[in-house]
$ cat target.txt   # compact mmCIF, C-alpha atoms and all ligand atoms
# COMPACT_ATOMS: atom_id res chain seq x y z
CA LYS A 1 140.48 23.50 -105.05
CA TYR A 2 140.14 27.07 -106.29
CA ILE A 3 136.87 28.84 -105.60
CA LEU A 4 135.80 32.18 -107.03
CA ALA A 5 133.41 34.06 -104.74
CA ILE A 6 131.21 37.01 -105.58
CA GLU A 7 129.50 39.44 -103.18
CA SER A 8 127.10 42.16 -104.33
CA SER A 9 124.40 42.38 -101.66
CA CYS A 10 124.60 46.08 -100.86
CA ASP A 11 126.99 48.79 -102.04
CA ASP A 12 130.30 46.91 -102.27
CA THR A 13 131.21 44.88 -105.33
CA SER A 14 133.64 42.20 -104.26
CA ALA A 15 135.34 39.12 -105.72
CA ALA A 16 137.74 36.72 -104.04
CA VAL A 17 139.70 33.62 -104.96
CA LEU A 18 140.28 30.98 -102.30
CA SER A 19 142.52 27.96 -102.38
CA ASN A 20 140.65 25.66 -100.01
CA ALA A 21 140.19 27.79 -96.85
CA LYS A 22 143.01 30.23 -97.70
CA VAL A 23 142.33 33.61 -99.29
CA LEU A 24 144.49 34.27 -102.36
CA SER A 25 142.77 37.54 -103.25
CA ASN A 26 139.89 39.62 -101.93
CA VAL A 27 139.10 42.67 -104.06
CA VAL A 28 136.48 45.16 -102.85
CA ALA A 29 135.18 48.10 -104.92
CA THR A 30 133.37 50.44 -102.56
CA GLN A 31 130.79 52.64 -104.24
CA GLU A 32 131.55 56.26 -103.37
CA ILE A 33 128.47 57.59 -105.17
CA HIS A 34 126.18 57.05 -102.15
CA LYS A 35 128.12 59.44 -99.87
CA GLN A 36 126.47 62.53 -101.33
CA TYR A 37 123.01 61.09 -100.56
CA GLY A 38 123.77 60.18 -96.94
CA GLY A 39 122.85 56.53 -97.49
CA VAL A 40 122.74 53.76 -100.08
CA VAL A 41 120.53 54.47 -103.13
CA PRO A 42 119.45 51.00 -104.41
CA GLU A 43 119.11 51.91 -108.09
CA LEU A 44 122.56 53.54 -108.18
CA ALA A 45 124.05 50.57 -106.30
CA SER A 46 122.72 48.14 -108.89
CA ARG A 47 124.14 50.18 -111.77
CA ALA A 48 127.52 50.51 -110.11
CA HIS A 49 127.66 46.74 -109.55
CA GLN A 50 127.08 46.26 -113.30
CA GLN A 51 130.04 48.53 -114.05
CA ASN A 52 132.31 47.01 -111.40
CA ILE A 53 131.67 43.30 -111.56
CA VAL A 54 133.80 42.35 -114.58
CA PRO A 55 136.89 44.40 -113.62
CA VAL A 56 136.64 43.29 -109.98
CA VAL A 57 136.51 39.60 -110.94
CA HIS A 58 139.42 40.05 -113.39
CA GLN A 59 141.43 41.75 -110.67
CA ALA A 60 140.70 38.99 -108.14
CA LEU A 61 141.83 36.31 -110.61
CA ALA A 62 144.95 38.30 -111.56
CA LYS A 63 145.94 38.94 -107.93
CA ALA A 64 145.51 35.25 -107.12
CA ASN A 65 147.48 34.41 -110.28
CA ILE A 66 144.76 31.96 -111.30
CA ASP A 67 143.25 31.43 -114.73
CA LYS A 68 139.47 31.06 -114.77
CA LYS A 69 139.92 27.59 -116.30
CA GLN A 70 141.52 26.46 -113.01
CA LEU A 71 138.42 27.27 -110.95
CA SER A 72 136.57 24.39 -109.29
CA ALA A 73 133.37 26.24 -108.38
CA ILE A 74 131.73 29.67 -108.11
CA ALA A 75 130.11 30.86 -104.90
CA PHE A 76 127.84 33.91 -104.78
CA THR A 77 125.67 35.84 -102.32
CA ARG A 78 122.05 34.86 -102.89
CA GLY A 79 120.70 37.13 -100.13
CA PRO A 80 119.70 38.87 -97.97
CA GLY A 81 120.25 42.31 -99.46
CA LEU A 82 119.03 44.78 -102.08
CA MET A 83 117.31 42.89 -104.90
CA GLY A 84 118.83 44.97 -107.71
CA SER A 85 122.30 44.50 -106.25
CA LEU A 86 121.91 40.77 -105.62
CA LEU A 87 120.69 40.21 -109.19
CA VAL A 88 123.97 41.47 -110.65
CA GLY A 89 126.15 39.04 -108.67
CA THR A 90 123.70 36.16 -109.04
CA SER A 91 123.36 36.49 -112.82
CA PHE A 92 127.09 36.92 -113.26
CA ALA A 93 127.89 33.86 -111.14
CA LYS A 94 125.30 31.74 -112.92
CA SER A 95 126.51 32.62 -116.41
CA LEU A 96 130.18 32.16 -115.58
CA ALA A 97 129.52 28.78 -113.95
CA LEU A 98 127.50 27.74 -116.99
CA GLY A 99 130.21 28.93 -119.38
CA LEU A 100 132.99 27.16 -117.48
CA ASP A 101 130.79 24.12 -116.75
CA ILE A 102 131.63 24.10 -113.03
CA PRO A 103 129.37 23.86 -109.94
CA LEU A 104 127.53 26.82 -108.51
CA ILE A 105 127.22 27.44 -104.74
CA GLU A 106 124.69 29.80 -103.16
CA VAL A 107 125.62 31.59 -99.93
CA ASN A 108 123.57 33.37 -97.26
CA HIS A 109 125.33 36.70 -96.57
CA MET A 110 124.57 36.63 -92.83
CA GLU A 111 125.87 33.08 -92.42
CA ALA A 112 128.98 34.24 -94.25
CA HIS A 113 129.52 37.10 -91.76
CA ILE A 114 129.64 34.38 -89.05
CA LEU A 115 131.64 31.76 -90.95
CA ALA A 116 134.27 34.39 -91.85
CA HIS A 117 135.94 33.19 -88.63
CA PHE A 118 136.92 29.98 -90.41
CA ILE A 119 139.09 31.66 -93.02
CA GLU A 120 142.57 30.21 -92.56
CA ASP A 121 144.73 33.10 -91.65
CA ALA A 122 147.90 33.41 -89.62
CA ASP A 123 146.43 36.03 -87.24
CA GLN A 124 143.05 34.42 -86.86
CA THR A 125 141.89 31.54 -84.69
CA ALA A 126 138.47 29.96 -85.19
CA PRO A 127 135.91 29.43 -82.42
CA LYS A 128 134.92 25.86 -81.51
CA PHE A 129 131.32 24.61 -81.75
CA PRO A 130 128.99 25.48 -80.17
CA PHE A 131 129.54 29.22 -80.02
CA LEU A 132 127.47 32.40 -80.03
CA GLY A 133 127.73 34.54 -83.13
CA MET A 134 126.81 38.21 -82.93
CA THR A 135 126.47 39.93 -86.28
CA ILE A 136 126.50 43.68 -85.95
CA SER A 137 126.31 45.43 -89.29
CA GLY A 138 124.62 48.16 -91.29
CA GLY A 139 121.53 46.07 -91.95
CA HIS A 140 121.44 43.47 -89.17
CA THR A 141 121.87 42.89 -85.45
CA GLN A 142 121.56 39.25 -84.49
CA ILE A 143 122.66 36.81 -81.82
CA VAL A 144 122.98 33.35 -83.32
CA LYS A 145 123.66 30.00 -81.72
CA VAL A 146 126.07 28.18 -84.01
CA THR A 147 126.09 24.42 -83.42
CA ASP A 148 127.82 23.46 -86.66
CA TYR A 149 128.83 25.18 -89.92
CA PHE A 150 125.31 24.87 -91.25
CA THR A 151 123.30 24.51 -88.07
CA MET A 152 122.49 27.99 -86.85
CA GLU A 153 119.61 29.34 -84.82
CA VAL A 154 118.79 33.04 -84.46
CA LEU A 155 118.20 33.63 -80.73
CA GLY A 156 117.44 37.31 -81.04
CA GLU A 157 117.57 40.20 -83.48
CA THR A 158 116.67 43.84 -83.85
CA LEU A 159 113.02 44.79 -84.01
CA ASP A 160 113.77 48.05 -85.83
CA ASP A 161 117.12 49.70 -86.74
CA ALA A 162 120.36 47.74 -87.00
CA VAL A 163 123.22 48.75 -84.74
CA GLY A 164 125.22 50.17 -87.69
CA GLU A 165 122.19 52.27 -88.59
CA ALA A 166 122.04 53.51 -84.98
CA PHE A 167 125.63 54.69 -85.34
CA ASP A 168 125.07 56.23 -88.77
CA LYS A 169 121.77 57.96 -87.93
CA SER A 170 123.15 59.36 -84.67
CA ALA A 171 126.15 60.67 -86.59
CA LYS A 172 123.84 62.27 -89.14
CA LEU A 173 122.00 64.09 -86.34
CA MET A 174 125.37 65.50 -85.28
CA GLY A 175 126.04 66.68 -88.84
CA LEU A 176 128.70 64.04 -89.55
CA PRO A 177 129.00 62.56 -93.08
CA TYR A 178 127.85 59.02 -94.04
CA PRO A 179 128.81 56.46 -92.86
CA GLY A 180 129.23 58.05 -89.45
CA GLY A 181 129.99 54.90 -87.43
CA PRO A 182 133.78 55.11 -87.83
CA LEU A 183 133.72 58.84 -87.00
CA ILE A 184 131.75 58.30 -83.78
CA ASP A 185 134.35 55.67 -82.87
CA LYS A 186 137.16 58.15 -83.55
CA TYR A 187 135.71 61.05 -81.53
CA ALA A 188 134.47 58.76 -78.75
CA LYS A 189 138.09 57.93 -77.91
CA LEU A 190 138.61 61.54 -76.80
CA GLY A 191 135.36 61.98 -74.87
CA ASN A 192 133.69 61.07 -71.59
CA PRO A 193 131.27 58.14 -72.05
CA LYS A 194 129.26 59.19 -68.99
CA ALA A 195 128.89 62.87 -70.00
CA PHE A 196 125.34 62.55 -71.34
CA PRO A 197 123.26 59.59 -70.19
CA PHE A 198 120.81 58.22 -72.77
CA PRO A 199 118.07 55.75 -71.82
CA LYS A 200 118.45 52.10 -72.79
CA PRO A 201 115.42 50.47 -74.48
CA LYS A 202 113.45 47.87 -72.57
CA VAL A 203 113.18 44.89 -74.87
CA ASP A 204 112.48 41.42 -73.53
CA GLY A 205 114.67 38.43 -74.25
CA LEU A 206 117.46 38.60 -76.79
CA ASN A 207 115.86 41.03 -79.22
CA PHE A 208 117.20 44.53 -79.75
CA SER A 209 115.73 47.95 -80.46
CA PHE A 210 117.69 51.01 -81.52
CA SER A 211 115.08 53.41 -82.89
CA GLY A 212 114.25 54.88 -79.46
CA LEU A 213 117.88 55.82 -78.91
CA LYS A 214 117.92 57.79 -82.15
CA THR A 215 114.80 59.69 -81.05
CA SER A 216 116.20 60.54 -77.63
CA ILE A 217 119.43 61.79 -79.22
CA LEU A 218 117.37 63.91 -81.61
CA TYR A 219 115.38 65.54 -78.75
CA PHE A 220 118.51 65.96 -76.64
CA LEU A 221 120.38 67.75 -79.45
CA GLN A 222 117.36 69.96 -80.27
CA ARG A 223 117.04 71.00 -76.63
CA GLU A 224 120.72 71.75 -76.18
CA THR A 225 121.22 73.61 -79.48
CA GLN A 226 118.28 75.86 -78.58
CA LYS A 227 120.27 76.97 -75.52
CA ASN A 228 123.63 76.99 -77.32
CA PRO A 229 123.77 76.86 -81.13
CA ASN A 230 127.36 75.58 -81.00
CA PHE A 231 126.57 72.78 -78.56
CA VAL A 232 127.39 69.92 -80.97
CA GLU A 233 130.75 71.34 -82.12
CA GLU A 234 131.74 72.17 -78.54
CA HIS A 235 130.83 68.76 -77.16
CA MET A 236 131.42 66.46 -80.14
CA ASN A 237 133.77 64.08 -78.31
CA ASP A 238 131.54 63.75 -75.25
CA ILE A 239 128.36 63.23 -77.30
CA CYS A 240 130.05 60.56 -79.44
CA ALA A 241 131.49 58.83 -76.37
CA SER A 242 128.08 58.85 -74.68
CA VAL A 243 126.21 57.56 -77.74
CA GLN A 244 128.76 54.80 -78.30
CA HIS A 245 128.71 53.88 -74.62
CA THR A 246 124.91 53.47 -74.67
CA ILE A 247 125.04 51.30 -77.80
CA LEU A 248 127.81 49.13 -76.31
CA GLU A 249 125.87 48.72 -73.06
CA ILE A 250 122.88 47.45 -75.05
CA LEU A 251 125.03 44.95 -76.96
CA MET A 252 126.93 43.73 -73.88
CA ASP A 253 123.74 43.33 -71.80
CA LYS A 254 122.22 41.09 -74.47
CA LEU A 255 125.41 39.08 -74.87
CA GLN A 256 125.48 38.53 -71.12
CA LEU A 257 121.87 37.34 -71.24
CA ALA A 258 122.65 35.00 -74.15
CA VAL A 259 125.61 33.54 -72.23
CA ASP A 260 123.39 33.06 -69.16
CA GLN A 261 120.64 31.40 -71.18
CA THR A 262 122.85 29.05 -73.22
CA GLY A 263 125.83 28.51 -70.95
CA ILE A 264 128.04 29.15 -74.00
CA LYS A 265 130.96 31.49 -73.30
CA GLN A 266 132.54 31.59 -76.74
CA ILE A 267 131.50 34.73 -78.57
CA ALA A 268 132.37 35.40 -82.22
CA ILE A 269 131.40 38.78 -83.61
CA GLY A 270 131.20 39.91 -87.21
CA GLY A 271 129.84 42.67 -89.45
CA GLY A 272 131.07 46.22 -89.96
CA VAL A 273 130.44 47.38 -86.39
CA ALA A 274 132.89 44.69 -85.20
CA ALA A 275 135.52 47.19 -86.36
CA ASN A 276 134.49 49.48 -83.50
CA SER A 277 137.34 49.94 -81.02
CA GLY A 278 134.91 50.24 -78.09
CA ILE A 279 133.31 46.82 -78.67
CA ARG A 280 136.77 45.34 -79.04
CA SER A 281 137.87 46.60 -75.63
CA ARG A 282 134.59 45.63 -73.98
CA LEU A 283 135.03 42.05 -75.25
CA ARG A 284 138.62 41.93 -74.03
CA GLU A 285 137.39 43.12 -70.64
CA ALA A 286 134.77 40.33 -70.61
CA GLU A 287 137.52 37.80 -71.33
CA GLU A 288 139.36 38.89 -68.20
CA LYS A 289 136.40 39.45 -65.88
CA LEU A 290 133.87 36.86 -67.03
CA GLY A 291 136.04 34.14 -68.53
CA TRP A 292 134.53 34.53 -72.01
CA GLN A 293 136.50 33.59 -75.08
CA THR A 294 135.98 36.14 -77.81
CA PHE A 295 136.75 36.17 -81.53
CA ILE A 296 136.90 39.11 -83.92
CA PRO A 297 137.80 38.62 -87.58
CA LYS A 298 140.39 40.75 -89.31
CA PHE A 299 138.94 44.11 -90.32
CA GLU A 300 138.74 43.25 -94.05
CA TYR A 301 136.64 40.18 -93.22
CA CYS A 302 134.25 42.20 -91.00
CA THR A 303 132.82 44.63 -93.55
CA ASP A 304 131.28 43.27 -96.74
CA ASN A 305 133.75 41.17 -98.69
CA ALA A 306 133.78 38.16 -101.01
CA ALA A 307 136.37 36.21 -98.98
CA MET A 308 133.68 35.38 -96.41
CA ILE A 309 131.43 34.17 -99.26
CA GLY A 310 134.37 32.09 -100.47
CA ILE A 311 134.91 30.32 -97.15
CA VAL A 312 131.25 29.29 -97.08
CA GLY A 313 131.68 28.22 -100.71
CA TYR A 314 134.63 26.06 -99.75
CA LEU A 315 132.78 24.50 -96.77
CA LYS A 316 129.78 23.74 -98.97
CA PHE A 317 132.04 22.42 -101.73
CA THR A 318 133.54 19.82 -99.38
CA LYS A 319 130.00 18.69 -98.53
CA GLY A 320 128.79 18.71 -102.14
CA LYS A 321 126.17 21.38 -101.42
CA PHE A 322 125.70 22.75 -104.93
CA THR A 323 122.82 24.55 -106.56
CA ASP A 324 121.52 24.58 -110.14
CA GLN A 325 120.81 27.24 -112.76
CA SER A 326 117.19 27.68 -111.59
CA ILE A 327 118.39 29.48 -108.43
CA ALA A 328 117.09 33.02 -107.87
CA ALA A 329 118.32 35.87 -105.65
CA LYS A 330 116.44 36.35 -102.38
CA ALA A 331 116.18 39.83 -100.82
CA ARG A 332 114.91 38.36 -97.54
CA TYR A 333 116.78 35.25 -96.63
CA ALA A 334 116.76 34.11 -93.01
CA ILE A 335 119.72 32.32 -91.43
CA GLY A 336 119.22 28.56 -91.26
CA SER A 337 116.35 28.55 -93.82
P1 LIG B 1 124.47 43.81 -93.79
O1 LIG B 1 125.67 42.97 -93.64
O2 LIG B 1 123.55 43.71 -92.64
O3 LIG B 1 123.82 43.63 -95.12
P2 LIG B 1 126.15 46.06 -94.47
O4 LIG B 1 126.82 45.04 -95.27
O5 LIG B 1 125.70 47.32 -95.10
O6 LIG B 1 124.92 45.37 -93.75
P3 LIG B 1 128.63 46.26 -93.08
O7 LIG B 1 129.41 46.64 -94.29
O8 LIG B 1 128.88 44.94 -92.47
O9 LIG B 1 127.07 46.46 -93.26
O10 LIG B 1 128.85 47.38 -91.96
C1 LIG B 1 128.68 48.75 -92.24
C2 LIG B 1 128.29 49.44 -90.94
O11 LIG B 1 129.37 49.35 -90.00
C3 LIG B 1 128.00 50.92 -91.11
O12 LIG B 1 126.79 51.21 -90.44
C4 LIG B 1 129.19 51.61 -90.42
O13 LIG B 1 128.87 52.84 -89.85
C5 LIG B 1 129.53 50.60 -89.36
N1 LIG B 1 130.91 50.76 -88.88
C6 LIG B 1 132.07 50.56 -89.56
N2 LIG B 1 133.14 50.84 -88.80
C7 LIG B 1 132.65 51.21 -87.57
C8 LIG B 1 133.24 51.62 -86.34
N3 LIG B 1 134.56 51.70 -86.19
N4 LIG B 1 132.41 51.93 -85.32
C9 LIG B 1 131.07 51.84 -85.45
N5 LIG B 1 130.46 51.47 -86.58
C10 LIG B 1 131.23 51.16 -87.64
FE FE B 2 127.22 42.68 -94.63
$ encode --input "target.txt" --output "structure tokens"
Amino acid sequence: KYILAIESSCDDTSAAVLSNAKVLSNVVATQEIHKQYGGVVPELASRAHQQNIVPVVHQALAKANIDKKQLSAIAFTRGPGLMGSLLVGTSFAKSLALGLDIPLIEVNHMEAHILAHFIEDADQTAPKFPFLGMTISGGHTQIVKVTDYFTMEVLGETLDDAVGEAFDKSAKLMGLPYPGGPLIDKYAKLGNPKAFPFPKPKVDGLNFSFSGLKTSILYFLQRETQKNPNFVEEHMNDICASVQHTILEILMDKLQLAVDQTGIKQIAIGGGVAANSGIRSRLREAEEKLGWQTFIPKFEYCTDNAAMIGIVGYLKFTKGKFTDQSIAAKARYAIGS
């Protein structure tokens, strides 16, 4: 079975072709236009999706060496995400499925970030049920109990900023360009994580909060630059290492609590922040010290991509979970709903 998948929830236009659970192509057009604004501008994102969608789909089909007449179904991101962005992918998927007279499959973007682990890939092993999924991205921070492909329960999530936002906003305060997460990761490698201690938020249970951290970094930088205007440039590596360390402590504390509460020691992470080298080494450490089993998808399946939409499409296809032409995009779309 060949499935075409389309992702357009935020600022990446992506199309993929899967043959069953194998990825034949996964094309991602990243919108550069948002860089100059220091964040995603929804209206511009929607317009760029309109320009990108046809060439991106053509490219995905060409790379997979598949004619559109060979497709068995079309999967698309229904939500959550920016409404204007979602509408482009949703309308495109609906019209193409109608034109080709093949089934349509709707996909929840956050479930896809978790099910990306089931893409069949030589360097990737899948977790076994039940496992804990932690999605750490630009818009979400969630710990999810995954009992089966389509039985998921959110155990905790952020009450304010997402972890990716915490990285990006901290980077912005240091004068780094958007998105600053990868840059903090890069400089953190050269710095001392204990140089500047930042307070950890006190949030009960498995929920997260990152907005307080941003505020304490802001006050810290204001105080220090008053004494020394070159403070940030002179201490970039140490500040980045300290910020990253605090964020990782928050994530690891909550994971530990989730493991204690559920007794589940298999942890599968996903989302753009899963690319962070610090979280990767902390998870490896937990494997050795705590006997956890951890799973991290390949980098291209961590950030937004259509291959992860395609694997959910394939799993739903095998179960006959199709949708009809009356389907509408959903900006807020909870996991398991
Ligand atoms: P969502 O999936 O919640 O809709 P999104 O799709 O915008 O959000 P992703 O593309 O999954 O988010 O992730 C982007 C985020 O990942 C950005 O905030 C970026 O800074 C962060 N990020 C990427 N690489 C790294 C890294 N190496 N270290 C820290 N953060 C990173
Ligand atoms: Fe995402």
$ atom_distance --input "target.txt" --atom1 "atom CA of Leu248 of chain A" --atom2 "atom CA of Glu7 of chain A"
28.6 Å
$ residues_around --input "target.txt" --residues "His117 of chain A" --least-positions-apart "2" --cutoff "8 Å" --atoms "only C-alpha atoms" --output "tab-separated table (two decimals) with C-alpha atoms, in the frame of the given file"
chain	number	residue	atom	x	y	z
A	114	ILE	CA	129.64	34.38	-89.05
A	115	LEU	CA	131.64	31.76	-90.95
A	119	ILE	CA	139.09	31.66	-93.02
A	124	GLN	CA	143.05	34.42	-86.86
A	125	THR	CA	141.89	31.54	-84.69
A	126	ALA	CA	138.47	29.96	-85.19
A	127	PRO	CA	135.91	29.43	-82.42
A	268	ALA	CA	132.37	35.40	-82.22
A	295	PHE	CA	136.75	36.17	-81.53
A	296	ILE	CA	136.90	39.11	-83.92
A	297	PRO	CA	137.80	38.62	-87.58
$ atom_distance --input "target.txt" --atom1 "atom CA of Ile217 of chain A" --atom2 "atom CA of Ser170 of chain A"
7.0 Å
$ residues_near_ligand --input "target.txt" --ligand "ligand LIG 1 (chain B)" --cutoff "7 Å" --atoms "all atoms listed in the file" --output "NGL selection string"
:A and (9-10 or 80-81 or 109-110 or 137-140 or 164-165 or 167-168 or 179-182 or 184-185 or 271-277 or 302-304)
$ atom_distance --input "target.txt" --atom1 "atom CA of Gln261 of chain A" --atom2 "atom CA of Ile279 of chain A"
21.3 Å
$ closest_residue --input "target.txt" --among "A:Glu300, A:Asp204, A:Glu157, A:Glu249" --to "ligand FE 2 (chain B)" --atoms "all atoms listed in the file"
A:Glu300
$ closest_residue --input "target.txt" --among "A:Ile239, A:Ala195, A:Leu159, A:Ala334" --to "Ser209 of chain A" --atoms "all atoms listed in the file"
A:Leu159
$ closest_residue --input "target.txt" --among "A:Asn108, A:Gln59, A:Thr215, A:Ser91" --to "ligand FE 2 (chain B)" --atoms "all atoms listed in the file"
A:Asn108
$ residues_near_point --input "target.txt" --point "(141.6, 40.8, -109.6)" --cutoff "9 Å" --atoms "all atoms listed in the file" --output "mmCIF file with C-alpha atoms, in the frame of the given file"
data_model
loop_
_atom_site.group_PDB
_atom_site.id
_atom_site.type_symbol
_atom_site.label_atom_id
_atom_site.label_comp_id
_atom_site.auth_asym_id
_atom_site.auth_seq_id
_atom_site.Cartn_x
_atom_site.Cartn_y
_atom_site.Cartn_z
ATOM 1 C CA ALA A 15 135.340 39.120 -105.720
ATOM 2 C CA ALA A 16 137.740 36.720 -104.040
ATOM 3 C CA VAL A 17 139.700 33.620 -104.960
ATOM 4 C CA SER A 25 142.770 37.540 -103.250
ATOM 5 C CA ASN A 26 139.890 39.620 -101.930
ATOM 6 C CA VAL A 27 139.100 42.670 -104.060
ATOM 7 C CA PRO A 55 136.890 44.400 -113.620
ATOM 8 C CA VAL A 56 136.640 43.290 -109.980
ATOM 9 C CA VAL A 57 136.510 39.600 -110.940
ATOM 10 C CA HIS A 58 139.420 40.050 -113.390
ATOM 11 C CA GLN A 59 141.430 41.750 -110.670
ATOM 12 C CA ALA A 60 140.700 38.990 -108.140
ATOM 13 C CA LEU A 61 141.830 36.310 -110.610
ATOM 14 C CA ALA A 62 144.950 38.300 -111.560
ATOM 15 C CA LYS A 63 145.940 38.940 -107.930
ATOM 16 C CA ALA A 64 145.510 35.250 -107.120
ATOM 17 C CA ASN A 65 147.480 34.410 -110.280
#
$ residues_around --input "target.txt" --residues "Val154 of chain A" --least-positions-apart "5" --cutoff "8 Å" --atoms "all atoms listed in the file" --output "short mmCIF file (atom, residue, chain, number, x, y, z; two decimals) with C-alpha atoms, in the frame of the given file"
data_model
loop_
_atom_site.label_atom_id
_atom_site.label_comp_id
_atom_site.auth_asym_id
_atom_site.auth_seq_id
_atom_site.Cartn_x
_atom_site.Cartn_y
_atom_site.Cartn_z
CA GLN A 142 121.56 39.25 -84.49
CA ILE A 143 122.66 36.81 -81.82
CA VAL A 144 122.98 33.35 -83.32
CA LYS A 145 123.66 30.00 -81.72
CA ILE A 335 119.72 32.32 -91.43
#
$ residues_near_point --input "target.txt" --point "(137.6, 38.9, -73.4)" --cutoff "12 Å" --atoms "only C-alpha atoms" --output "ChimeraX atom specification"
/A:252,265-269,279-296
$ residues_around --input "target.txt" --residues "Ala241 of chain A" --least-positions-apart "4" --cutoff "12 Å" --atoms "all atoms listed in the file" --output "short mmCIF file (atom, residue, chain, number, x, y, z; two decimals) with C-alpha atoms, in the coordinates of the input"
data_model
loop_
_atom_site.label_atom_id
_atom_site.label_comp_id
_atom_site.auth_asym_id
_atom_site.auth_seq_id
_atom_site.Cartn_x
_atom_site.Cartn_y
_atom_site.Cartn_z
CA PHE A 167 125.63 54.69 -85.34
CA SER A 170 123.15 59.36 -84.67
CA ALA A 171 126.15 60.67 -86.59
CA GLY A 181 129.99 54.90 -87.43
CA LEU A 183 133.72 58.84 -87.00
CA ILE A 184 131.75 58.30 -83.78
CA ASP A 185 134.35 55.67 -82.87
CA LYS A 186 137.16 58.15 -83.55
CA TYR A 187 135.71 61.05 -81.53
CA ALA A 188 134.47 58.76 -78.75
CA LYS A 189 138.09 57.93 -77.91
CA LEU A 190 138.61 61.54 -76.80
CA GLY A 191 135.36 61.98 -74.87
CA ASN A 192 133.69 61.07 -71.59
CA PRO A 193 131.27 58.14 -72.05
CA LYS A 194 129.26 59.19 -68.99
CA ALA A 195 128.89 62.87 -70.00
CA PHE A 196 125.34 62.55 -71.34
CA PRO A 197 123.26 59.59 -70.19
CA PHE A 198 120.81 58.22 -72.77
CA HIS A 235 130.83 68.76 -77.16
CA MET A 236 131.42 66.46 -80.14
CA ASN A 237 133.77 64.08 -78.31
CA HIS A 245 128.71 53.88 -74.62
CA THR A 246 124.91 53.47 -74.67
CA ILE A 247 125.04 51.30 -77.80
CA LEU A 248 127.81 49.13 -76.31
CA SER A 277 137.34 49.94 -81.02
CA GLY A 278 134.91 50.24 -78.09
#
$ residues_around --input "target.txt" --residues "Gln36 of chain A" --least-positions-apart "6" --cutoff "12 Å" --atoms "all atoms listed in the file" --output "list in words"
Leu44, Pro177, Tyr178 and Pro179 of chain A
$ closest_residue --input "target.txt" --among "A:His113, A:Lys68, A:Lys169, A:Lys227" --to "ligand FE 2 (chain B)" --atoms "all atoms listed in the file"
A:His113
$ build_atoms --input "target.txt" --residues "segment 130-144 of chain A" --atoms "N, CA and C atoms" --output "compact mmCIF listing (two decimals), keeping the file's coordinate frame"
# COMPACT_ATOMS: atom_id res chain seq x y z
N PRO A 130 129.90 24.42 -79.73
CA PRO A 130 128.99 25.48 -80.17
C PRO A 130 129.50 26.84 -79.69
N PHE A 131 129.18 27.88 -80.46
CA PHE A 131 129.54 29.22 -80.02
C PHE A 131 128.40 30.18 -80.32
N LEU A 132 128.47 31.37 -79.74
CA LEU A 132 127.47 32.40 -80.03
C LEU A 132 128.05 33.36 -81.06
N GLY A 133 127.31 33.57 -82.13
CA GLY A 133 127.73 34.54 -83.13
C GLY A 133 126.92 35.81 -82.93
N MET A 134 127.58 36.96 -82.96
CA MET A 134 126.81 38.21 -82.93
C MET A 134 127.19 38.99 -84.18
N THR A 135 126.21 39.16 -85.08
CA THR A 135 126.47 39.93 -86.28
C THR A 135 125.93 41.34 -86.07
N ILE A 136 126.85 42.29 -86.18
CA ILE A 136 126.50 43.68 -85.95
C ILE A 136 126.93 44.46 -87.18
N SER A 137 125.95 44.80 -88.02
CA SER A 137 126.31 45.43 -89.29
C SER A 137 125.37 46.57 -89.61
N GLY A 138 125.45 47.03 -90.86
CA GLY A 138 124.62 48.16 -91.29
C GLY A 138 123.16 47.77 -91.48
N GLY A 139 122.90 46.49 -91.70
CA GLY A 139 121.53 46.07 -91.95
C GLY A 139 121.00 45.06 -90.94
N HIS A 140 121.87 44.53 -90.08
CA HIS A 140 121.44 43.47 -89.17
C HIS A 140 122.05 43.61 -87.79
N THR A 141 121.35 43.03 -86.81
CA THR A 141 121.87 42.89 -85.45
C THR A 141 121.27 41.59 -84.95
N GLN A 142 122.09 40.56 -84.85
CA GLN A 142 121.56 39.25 -84.49
C GLN A 142 122.49 38.54 -83.51
N ILE A 143 121.89 37.75 -82.62
CA ILE A 143 122.66 36.81 -81.82
C ILE A 143 122.25 35.42 -82.28
N VAL A 144 123.24 34.63 -82.68
CA VAL A 144 122.98 33.35 -83.32
C VAL A 144 123.71 32.25 -82.57
